[in-house]
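**Student:** Here it is, the structure, as structure tokens.
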Amino acid sequence: MAEQENSAADNTPERLDFIRQIVTDDNKSGKWKNRVHTRFPPEPNGYLHIGHAKSICLNFGIAAEFGGKCNLRFDDTNPSKEEQEYVDSIINDVHWIGWDWENRLFFASDYFEQMYQWAVELVKKGAAYVCDLNGDQVREHRGTLTQPGKESPYRGRSIAENLDLLARMRKGEFPDGSKTLRAKADMASPNVNMRDPIMYRIMRATHHRTGDDWCIYPTYDWSHGLEDSIEGITHSICTLEFENHRPLYDWFLDQLGIYHPQQIEFARLNLTYTVMSKRKLLQLVKDNYVNGWDDPRMPTISGMRRRGFSPAGIRNFCKVIGINKFNSTVDFALLEHCIREDLNKTAPRVMAVLNPLKIVITNYPDGQVEWLDAVNNPEDAAAGTRKVPFSKVLYIEQEDFMETPPSKFFRLAPGREVRLRYAYFIKCEKAIKDAAGNIAELHCTYDPATRGGDAPDGRKVKATLHWVADSNALDAEVRLYDHLFTKENPEDTAEDEHFTANLNPGSLRVLTGCKVEPHVKDTKVFDRWQFERMGYFCTDADSKPGKLVFNRTLTLKDTWAKIQKKV
């Protein structure tokens, strides 16, 4: 069964990447008085994905390794895109991965009043002004990478006028988008982020926490450093796209003369066969390309949980890929490898037949049912054994029988003998066909002397098959998942094509009429199993009494392990 999902993650030391080296050096120098305080700061405008898992494990992991603290903080500064649903999902995901923030759950909206007062302070210093340029005009004035920007005609407003206009912006006297508060920084700076960035915009949108108390909202550039400062963060860890924003982060804190954390950037995670943009993931959901944020084909944490990925496997993946300063793309097969390694150790084994072919054992007593011992997990002796029923009628996979087999096919065929796992040798005597000429069932005989082992006379068989007895068998629906996209880089499209042109039409195949042994009758949602010879599977939330639904997490084949052997 699945482990307790909210258990604390292990504190096994990571190898010393460049961020951990910075923290180590800071502790040696006493820079933060041997304090380590990080934060994971998601925006509640979508569900978390595997890229966020990397940041979660980095921020919470560093805090755990250095005896520090990590906050969970929501950057909820854009109510037009944020919802309570996203807040709830993020809280659930971070806990599920294995981390806890104790009593340190914060929101940018907790600090709206303080941020506004600091904005007033910058206006009084002559370091901020109210601008009437619209969005397009602001972009036109910003200049280019090779040409300096042009000052706004409103940059010279007096402090008194700016204070008055800012107060009236807050009161809601002006239409949305008609005015902004901008920092009076440096329009000639080679860093375009320093060219009088916007601090506040007018936006009448109901906030999921503050309701309609505010009609002006801070931008991320303005709020980011202030939140870190208020919370006493030591190491503000961001993804690489914020590197050019760091001078602005520093500028705001220095202008205010308040506590100044250190911003450090690392490369975000990119995976083959998937997209990581929240905007694109939202489009997949809204346009019904997938069945919600938790669709098992999605790279979201909730999707991976529903598919059957384990928290320990995800944490190990984040550990294996490490932390870098350069962008790169990780092979999805490596993530699968990490999940397989964990599931191989932890997932109980059961037998399930996905494409059943009926077998009648003609010399087995009618009405008799034997209960045979089966191993729950050969990787874990403590997992013990279970009982599986054996009877006259049972099922094997259709692919395990061929009427006219090629030379290297060793499974069941007319006149051939195979072993049934945990049970007996059986021999195919006859194949029964339906009116269309399809094989409908097999008539076989069994050797009672081979129960649970080899034949006493020493004869050998070349195949062992899994099976499910008709007596006590459970019916199930099984959903087989593949990559959502056909290309390693889904954005590799023709000039006039959208990334959805690369969606994989075969990413989901649904099998009905599957047979599963009765051991799983009490399975719970998100329980993980290994169906012997078939792969790893997870009990889906759509399961209900009388109808079990399983999602295939992964096949047993490990592409990454084979790649590594060739290296």
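Chain labels follow the order of the structure tokens: the first chain is A, the next B, and so on; residue numbering restarts at 1 in every chain, and ligands are counted from 1 in their shown order.
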Taking 5 positions as the minimum chain separation for residues in the same chain, which residues sit within 12 Å of Asp540 of chain A when counting only C-alpha atoms? Answer as an NGL selection string.
**Tutor:** :A and (294-296 or 303-308 or 476-479 or 523-529 or 547-553)
**Student:** Given the selection you just returned, output its residues as a file containing C-alpha atoms, formatted as a CSV table (one decimal), in the first residue's frame.
**Tutor:**
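Ended up saving to selection_31.csv:
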chain,number,residue,atom,x,y,z
A,294,ASP,CA,-4.8,16.1,-12.0
A,295,ASP,CA,-4.9,14.2,-15.3
A,296,PRO,CA,-2.2,11.5,-15.0
A,303,GLY,CA,-1.4,14.4,-11.8
A,304,MET,CA,1.7,12.4,-10.9
A,305,ARG,CA,0.2,11.5,-7.6
A,306,ARG,CA,-2.9,10.2,-9.4
A,307,ARG,CA,-0.8,8.3,-11.8
A,308,GLY,CA,1.0,6.6,-9.0
A,476,ALA,CA,-11.5,-3.7,-13.3
A,477,GLU,CA,-11.0,-0.9,-15.8
A,478,VAL,CA,-7.3,-0.1,-16.5
A,479,ARG,CA,-6.1,3.1,-18.0
A,523,THR,CA,-7.8,-1.0,-2.1
A,524,LYS,CA,-7.8,2.7,-1.3
A,525,VAL,CA,-7.4,5.6,-3.7
A,526,PHE,CA,-3.7,6.2,-4.6
A,527,ASP,CA,-2.6,2.7,-3.4
A,528,ARG,CA,0.3,1.6,-5.6
A,529,TRP,CA,0.7,-2.0,-6.9
A,547,LYS,CA,-15.9,-1.0,-10.2
A,548,LEU,CA,-12.2,-0.8,-9.6
A,549,VAL,CA,-10.2,1.6,-11.8
A,550,PHE,CA,-6.4,1.4,-12.0
A,551,ASN,CA,-4.0,3.8,-13.7
A,552,ARG,CA,-0.8,2.4,-15.2
A,553,THR,CA,2.0,4.3,-13.5
**Student:** Skip Pro190 of chain A itself and residues of its chain fewer than 2 positions away, then list as a PyMOL selection string all residues within 8 Å of it, counting only C-alpha atoms.
**Tutor:** chain A and resi 145-146+148+188+192
**Student:** Based on the selection just made, write N, CA and C atoms of those residues as a PDB file, in the first residue's frame.
**Tutor:**
ATOM      1  N   LEU A 145      17.589  46.722 -25.784  1.00  0.00           N
ATOM      2  CA  LEU A 145      18.825  46.265 -25.150  1.00  0.00           C
ATOM      3  C   LEU A 145      20.019  47.125 -25.555  1.00  0.00           C
ATOM      4  N   THR A 146      19.911  47.796 -26.695  1.00  0.00           N
ATOM      5  CA  THR A 146      21.034  48.620 -27.178  1.00  0.00           C
ATOM      6  C   THR A 146      20.758  50.121 -27.086  1.00  0.00           C
ATOM      7  N   PRO A 148      18.910  53.316 -24.734  1.00  0.00           N
ATOM      8  CA  PRO A 148      18.337  53.649 -23.434  1.00  0.00           C
ATOM      9  C   PRO A 148      16.857  53.990 -23.556  1.00  0.00           C
ATOM     10  N   ALA A 188      18.309  54.955 -18.238  1.00  0.00           N
ATOM     11  CA  ALA A 188      19.460  54.718 -19.115  1.00  0.00           C
ATOM     12  C   ALA A 188      20.215  53.446 -18.739  1.00  0.00           C
ATOM     13  N   VAL A 192      17.203  46.558 -18.537  1.00  0.00           N
ATOM     14  CA  VAL A 192      15.887  47.155 -18.787  1.00  0.00           C
ATOM     15  C   VAL A 192      14.962  47.025 -17.582  1.00  0.00           C
TER      16      VAL A 192
END
**Student:** In terms of the shortest atom-to-atom distance over only C-alpha atoms, which of A:Gly367, A:Gly172, A:Pro456, A:Pro505 is closest to Lys392 of chain A?
**Tutor:**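 Ranking A:Gly367, A:Gly172, A:Pro456, A:Pro505 by distance to Lys392 of chain A, first place goes to A:Gly367.
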**Student:** Would you list the contacts of Glu173 of chain A as a PDB file with C-alpha atoms, in the first residue's frame, taking every protein, DNA or RNA residue within 12 Å and counting only C-alpha atoms, but skipping same-chain residues closer than 5 positions in sequence?
**Tutor:**
ATOM      1  CA  ASP A 164      -2.178  62.781  -3.677  1.00  0.00           C
ATOM      2  CA  LEU A 165      -2.529  60.668  -6.818  1.00  0.00           C
ATOM      3  CA  LEU A 166      -1.329  57.509  -5.059  1.00  0.00           C
ATOM      4  CA  ALA A 167      -3.861  58.005  -2.257  1.00  0.00           C
ATOM      5  CA  ARG A 168      -6.612  58.505  -4.802  1.00  0.00           C
ATOM      6  CA  SER A 178      -5.188  54.459 -16.220  1.00  0.00           C
ATOM      7  CA  LYS A 179      -2.293  55.040 -13.801  1.00  0.00           C
ATOM      8  CA  ILE A 202      -4.995  49.617 -10.730  1.00  0.00           C
ATOM      9  CA  MET A 203      -6.975  46.380 -10.962  1.00  0.00           C
ATOM     10  CA  ARG A 204     -10.535  45.924  -9.770  1.00  0.00           C
ATOM     11  CA  CYS A 215      -8.095  48.026  -6.065  1.00  0.00           C
ATOM     12  CA  ILE A 216      -4.345  48.536  -6.503  1.00  0.00           C
TER      13      ILE A 216
END
**Student:** With distances taken over only C-alpha atoms, which residue among A:Thr180, A:Asn504, A:Gln283, A:Ser80 lies nearest Leu133 of chain A?
**Tutor:** A:Thr180
**Student:** May I ask for the distance between atom CA of Arg201 of chain A and atom CA of Arg104 of chain A, given in Å to one decimal place?
**Tutor:**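 Rounded to one decimal, the two atoms are 28.5 Å apart.
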**Student:** Of the residues A:Pro356, A:Pro389, A:Gly292, A:Pro79, which is the one nearest to Asp212 of chain A, using only C-alpha atoms?
**Tutor:** A:Pro79
**Student:** Check the DSSP output for the backbone and give back, as an NGL selection string, the residues of segment 326-554 of chain A in alpha helix (DSSP H).
**Tutor:** :A and (332-346)
**Student:** Between A:Phe242, A:Lys171, A:Ser189, A:Thr234, which is the closest to Trp214 of chain A once you count only C-alpha atoms?
**Tutor:**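 Residue with the minimum atom-to-atom distance to Trp214 of chain A: A:Lys171.
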**Student:** With distances taken over only C-alpha atoms, which of A:Arg209, A:Lys150, A:Arg39, A:Lys280 is nearest to His224 of chain A?
**Tutor:**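 With only C-alpha atoms as the atom set, the closest residue is A:Arg39.
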**Student:** Show which residues sit within 12 Å of Phe112 of chain A, as a VMD selection string. Count only C-alpha atoms, and ignore same-chain residues fewer than 2 positions away.
**Tutor:** chain A and resid 75 to 77 107 to 110 114 to 119 170 200 207 209 to 210 213 to 219 222 to 224 226 to 227 230
**Student:** With N, CA, C and O atoms retained, could you export that selection as a compact mmCIF listing (two decimals), in the first residue's frame?
**Tutor:**
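Saved file selection.txt follows:
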# COMPACT_ATOMS: atom_id res chain seq x y z
N ASP A 75 2.60 34.10 -3.15
CA ASP A 75 2.73 35.43 -3.76
C ASP A 75 1.42 35.75 -4.47
O ASP A 75 1.31 35.69 -5.70
N ASP A 76 0.43 36.11 -3.68
CA ASP A 76 -0.93 36.32 -4.20
C ASP A 76 -1.17 37.81 -4.50
O ASP A 76 -1.96 38.48 -3.85
N THR A 77 -0.46 38.31 -5.51
CA THR A 77 -0.53 39.74 -5.83
C THR A 77 -1.30 40.02 -7.13
O THR A 77 -1.35 41.16 -7.56
N PHE A 107 1.23 34.81 3.33
CA PHE A 107 0.73 35.30 2.05
C PHE A 107 1.25 36.71 1.83
O PHE A 107 1.37 37.49 2.78
N ALA A 108 1.53 37.03 0.57
CA ALA A 108 1.91 38.40 0.26
C ALA A 108 0.82 39.36 0.72
O ALA A 108 1.10 40.48 1.17
N SER A 109 -0.42 38.92 0.62
CA SER A 109 -1.54 39.79 1.02
C SER A 109 -1.52 40.11 2.51
O SER A 109 -2.15 41.08 2.94
N ASP A 110 -0.80 39.31 3.31
CA ASP A 110 -0.63 39.65 4.73
C ASP A 110 0.08 41.00 4.89
O ASP A 110 -0.07 41.67 5.92
N GLN A 114 1.67 47.17 4.75
CA GLN A 114 3.08 47.54 4.94
C GLN A 114 3.73 47.89 3.61
O GLN A 114 4.50 48.86 3.51
N MET A 115 3.44 47.12 2.56
CA MET A 115 4.00 47.42 1.24
C MET A 115 3.55 48.80 0.77
O MET A 115 4.35 49.56 0.20
N TYR A 116 2.29 49.11 1.00
CA TYR A 116 1.78 50.42 0.57
C TYR A 116 2.47 51.55 1.32
O TYR A 116 2.86 52.56 0.72
N GLN A 117 2.67 51.37 2.60
CA GLN A 117 3.33 52.41 3.39
C GLN A 117 4.77 52.61 2.92
O GLN A 117 5.28 53.73 2.91
N TRP A 118 5.43 51.51 2.55
CA TRP A 118 6.79 51.64 2.02
C TRP A 118 6.77 52.35 0.66
O TRP A 118 7.69 53.10 0.32
N ALA A 119 5.73 52.11 -0.13
CA ALA A 119 5.60 52.83 -1.40
C ALA A 119 5.45 54.33 -1.14
O ALA A 119 6.06 55.16 -1.84
N ARG A 170 -5.54 54.43 -4.53
CA ARG A 170 -5.96 53.44 -3.53
C ARG A 170 -7.45 53.53 -3.25
O ARG A 170 -8.12 52.50 -3.03
N TYR A 200 2.92 49.48 -8.65
CA TYR A 200 1.49 49.23 -8.43
C TYR A 200 0.71 49.48 -9.71
O TYR A 200 1.04 50.38 -10.48
N HIS A 207 -10.08 39.73 -4.55
CA HIS A 207 -8.97 38.90 -4.09
C HIS A 207 -9.51 37.75 -3.24
O HIS A 207 -10.45 37.94 -2.47
N ARG A 209 -8.47 36.45 -0.65
CA ARG A 209 -8.32 36.63 0.80
C ARG A 209 -8.78 38.01 1.27
O ARG A 209 -9.39 38.11 2.33
N THR A 210 -8.47 39.04 0.51
CA THR A 210 -8.79 40.40 0.97
C THR A 210 -10.07 40.95 0.35
O THR A 210 -10.45 42.09 0.63
N ASP A 213 -11.05 44.88 -0.66
CA ASP A 213 -10.40 45.92 0.16
C ASP A 213 -9.43 46.76 -0.66
O ASP A 213 -9.19 47.93 -0.33
N TRP A 214 -8.85 46.15 -1.69
CA TRP A 214 -7.84 46.85 -2.48
C TRP A 214 -8.27 46.88 -3.96
O TRP A 214 -8.89 45.94 -4.45
N CYS A 215 -7.92 47.97 -4.61
CA CYS A 215 -8.09 48.03 -6.06
C CYS A 215 -6.76 48.34 -6.75
O CYS A 215 -6.71 48.50 -7.96
N ILE A 216 -5.70 48.47 -5.95
CA ILE A 216 -4.35 48.54 -6.50
C ILE A 216 -3.56 47.37 -5.93
O ILE A 216 -3.72 47.03 -4.75
N TYR A 217 -2.76 46.76 -6.78
CA TYR A 217 -2.02 45.58 -6.35
C TYR A 217 -0.55 45.71 -6.72
O TYR A 217 -0.21 46.23 -7.79
N PRO A 218 0.34 45.24 -5.82
CA PRO A 218 1.78 45.35 -6.07
C PRO A 218 2.24 44.36 -7.13
O PRO A 218 1.69 43.27 -7.26
N THR A 219 3.26 44.74 -7.88
CA THR A 219 3.87 43.81 -8.83
C THR A 219 4.83 42.88 -8.09
O THR A 219 5.25 43.16 -6.96
N TRP A 222 8.19 44.46 -7.04
CA TRP A 222 8.11 45.31 -5.85
C TRP A 222 7.91 44.48 -4.59
O TRP A 222 8.56 44.69 -3.57
N SER A 223 7.05 43.49 -4.66
CA SER A 223 6.67 42.77 -3.44
C SER A 223 7.67 41.71 -3.01
O SER A 223 7.83 41.43 -1.82
N HIS A 224 8.37 41.13 -3.99
CA HIS A 224 9.23 39.97 -3.73
C HIS A 224 10.24 40.23 -2.60
O HIS A 224 10.29 39.51 -1.60
N LEU A 226 10.35 42.69 -0.48
CA LEU A 226 9.72 43.16 0.76
C LEU A 226 9.23 41.99 1.60
O LEU A 226 9.39 41.98 2.83
N GLU A 227 8.62 41.00 0.95
CA GLU A 227 8.15 39.82 1.68
C GLU A 227 9.34 39.10 2.33
O GLU A 227 9.27 38.69 3.50
N ILE A 230 10.50 41.13 5.38
CA ILE A 230 9.58 41.03 6.53
C ILE A 230 9.76 39.70 7.25
O ILE A 230 9.75 39.65 8.48
**Student:** Any idea what's packed within 7 Å of segment 310-324 of chain A, counting only C-alpha atoms, ignoring anything in its chain fewer than 6 positions away? Could you give it as number ranges by chain?
**Tutor:** A: 14, 17, 54, 57, 96-98, 266-267, 335, 338-339, 342
**Student:** Between A:His245, A:Lys515, A:Arg155, A:His443, which one has atoms that come closest to Lys427 of chain A, using only C-alpha atoms?
**Tutor:**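 So, comparing all the options, the nearest one is A:His443.
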**Student:** Would you give me, as a ChimeraX atom specification, the residues in segment 176-422 of chain A that DSSP reads as strand (DSSP E or B)?
**Tutor:** /A:180-183,198-202,207,211,216-218,235-239,262-266,270-271,300,329-330,349-350,352-353,356-361,370-375,385-390,393-397,401,412,417-420
**Student:** Can you pull out the residues contacting Asp373 of chain A? Cut-off 9 Å, using only C-alpha atoms, and skip same-chain residues under 2 positions away; I want them as a PDB file with all heavy atoms, in the first residue's frame.
**Tutor:**
ATOM      1  N   TRP A 371      -6.299 -22.337  -2.193  1.00  0.00           N
ATOM      2  CA  TRP A 371      -5.703 -21.034  -1.859  1.00  0.00           C
ATOM      3  C   TRP A 371      -4.201 -21.227  -1.730  1.00  0.00           C
ATOM      4  O   TRP A 371      -3.712 -21.928  -0.834  1.00  0.00           O
ATOM      5  CB  TRP A 371      -6.310 -20.479  -0.574  1.00  0.00           C
ATOM      6  CG  TRP A 371      -7.737 -20.053  -0.788  1.00  0.00           C
ATOM      7  CD1 TRP A 371      -8.839 -20.853  -0.684  1.00  0.00           C
ATOM      8  CD2 TRP A 371      -8.183 -18.773  -1.196  1.00  0.00           C
ATOM      9  NE1 TRP A 371      -9.962 -20.139  -0.992  1.00  0.00           N
ATOM     10  CE2 TRP A 371      -9.593 -18.851  -1.304  1.00  0.00           C
ATOM     11  CE3 TRP A 371      -7.558 -17.561  -1.470  1.00  0.00           C
ATOM     12  CZ2 TRP A 371     -10.380 -17.759  -1.687  1.00  0.00           C
ATOM     13  CZ3 TRP A 371      -8.337 -16.479  -1.844  1.00  0.00           C
ATOM     14  CH2 TRP A 371      -9.725 -16.575  -1.954  1.00  0.00           C
ATOM     15  N   VAL A 375       4.004 -14.408  -2.868  1.00  0.00           N
ATOM     16  CA  VAL A 375       4.900 -13.446  -2.220  1.00  0.00           C
ATOM     17  C   VAL A 375       4.410 -12.017  -2.489  1.00  0.00           C
ATOM     18  O   VAL A 375       4.121 -11.654  -3.634  1.00  0.00           O
ATOM     19  CB  VAL A 375       6.340 -13.613  -2.749  1.00  0.00           C
ATOM     20  CG1 VAL A 375       7.264 -12.552  -2.159  1.00  0.00           C
ATOM     21  CG2 VAL A 375       6.855 -15.009  -2.423  1.00  0.00           C
ATOM     22  N   THR A 385       3.335 -12.821   2.848  1.00  0.00           N
ATOM     23  CA  THR A 385       2.674 -13.504   1.738  1.00  0.00           C
ATOM     24  C   THR A 385       1.167 -13.257   1.801  1.00  0.00           C
ATOM     25  O   THR A 385       0.647 -12.729   2.778  1.00  0.00           O
ATOM     26  CB  THR A 385       2.939 -15.017   1.785  1.00  0.00           C
ATOM     27  OG1 THR A 385       2.435 -15.542   3.023  1.00  0.00           O
ATOM     28  CG2 THR A 385       4.429 -15.307   1.674  1.00  0.00           C
ATOM     29  N   ARG A 386       0.488 -13.661   0.739  1.00  0.00           N
ATOM     30  CA  ARG A 386      -0.968 -13.570   0.672  1.00  0.00           C
ATOM     31  C   ARG A 386      -1.492 -14.864   0.064  1.00  0.00           C
ATOM     32  O   ARG A 386      -0.722 -15.660  -0.486  1.00  0.00           O
ATOM     33  CB  ARG A 386      -1.393 -12.374  -0.184  1.00  0.00           C
ATOM     34  CG  ARG A 386      -1.045 -12.530  -1.655  1.00  0.00           C
ATOM     35  CD  ARG A 386      -1.240 -11.270  -2.463  1.00  0.00           C
ATOM     36  NE  ARG A 386      -1.027 -11.508  -3.903  1.00  0.00           N
ATOM     37  CZ  ARG A 386       0.158 -11.622  -4.479  1.00  0.00           C
ATOM     38  NH1 ARG A 386       1.260 -11.510  -3.748  1.00  0.00           N
ATOM     39  NH2 ARG A 386       0.247 -11.847  -5.777  1.00  0.00           N
ATOM     40  N   LYS A 387      -2.783 -15.073   0.119  1.00  0.00           N
ATOM     41  CA  LYS A 387      -3.405 -16.244  -0.486  1.00  0.00           C
ATOM     42  C   LYS A 387      -4.097 -15.847  -1.786  1.00  0.00           C
ATOM     43  O   LYS A 387      -4.807 -14.845  -1.842  1.00  0.00           O
ATOM     44  CB  LYS A 387      -4.440 -16.846   0.473  1.00  0.00           C
ATOM     45  CG  LYS A 387      -3.857 -17.393   1.775  1.00  0.00           C
ATOM     46  CD  LYS A 387      -3.071 -18.680   1.529  1.00  0.00           C
ATOM     47  CE  LYS A 387      -2.627 -19.310   2.851  1.00  0.00           C
ATOM     48  NZ  LYS A 387      -1.867 -20.565   2.618  1.00  0.00           N
ATOM     49  N   VAL A 388      -3.861 -16.645  -2.831  1.00  0.00           N
ATOM     50  CA  VAL A 388      -4.550 -16.412  -4.099  1.00  0.00           C
ATOM     51  C   VAL A 388      -5.332 -17.669  -4.463  1.00  0.00           C
ATOM     52  O   VAL A 388      -4.844 -18.793  -4.282  1.00  0.00           O
ATOM     53  CB  VAL A 388      -3.569 -16.049  -5.235  1.00  0.00           C
ATOM     54  CG1 VAL A 388      -2.914 -14.703  -4.965  1.00  0.00           C
ATOM     55  CG2 VAL A 388      -2.518 -17.124  -5.434  1.00  0.00           C
ATOM     56  N   TYR A 422       3.170 -19.556  -8.896  1.00  0.00           N
ATOM     57  CA  TYR A 422       2.704 -20.005  -7.584  1.00  0.00           C
ATOM     58  C   TYR A 422       1.831 -21.262  -7.655  1.00  0.00           C
ATOM     59  O   TYR A 422       1.381 -21.750  -6.624  1.00  0.00           O
ATOM     60  CB  TYR A 422       1.894 -18.917  -6.861  1.00  0.00           C
ATOM     61  CG  TYR A 422       2.599 -17.600  -6.723  1.00  0.00           C
ATOM     62  CD1 TYR A 422       2.070 -16.446  -7.281  1.00  0.00           C
ATOM     63  CD2 TYR A 422       3.810 -17.509  -6.034  1.00  0.00           C
ATOM     64  CE1 TYR A 422       2.713 -15.226  -7.154  1.00  0.00           C
ATOM     65  CE2 TYR A 422       4.468 -16.303  -5.891  1.00  0.00           C
ATOM     66  CZ  TYR A 422       3.912 -15.158  -6.468  1.00  0.00           C
ATOM     67  OH  TYR A 422       4.555 -13.954  -6.339  1.00  0.00           O
ATOM     68  N   ALA A 423       1.564 -21.804  -8.868  1.00  0.00           N
ATOM     69  CA  ALA A 423       0.573 -22.873  -8.987  1.00  0.00           C
ATOM     70  C   ALA A 423       1.159 -24.132  -9.622  1.00  0.00           C
ATOM     71  O   ALA A 423       2.021 -24.781  -9.025  1.00  0.00           O
ATOM     72  CB  ALA A 423      -0.635 -22.359  -9.783  1.00  0.00           C
ATOM     73  N   GLY A 452       3.373 -25.392  -6.969  1.00  0.00           N
ATOM     74  CA  GLY A 452       4.319 -24.452  -6.373  1.00  0.00           C
ATOM     75  C   GLY A 452       5.773 -24.718  -6.665  1.00  0.00           C
ATOM     76  O   GLY A 452       6.654 -24.092  -6.058  1.00  0.00           O
TER      77      GLY A 452
END
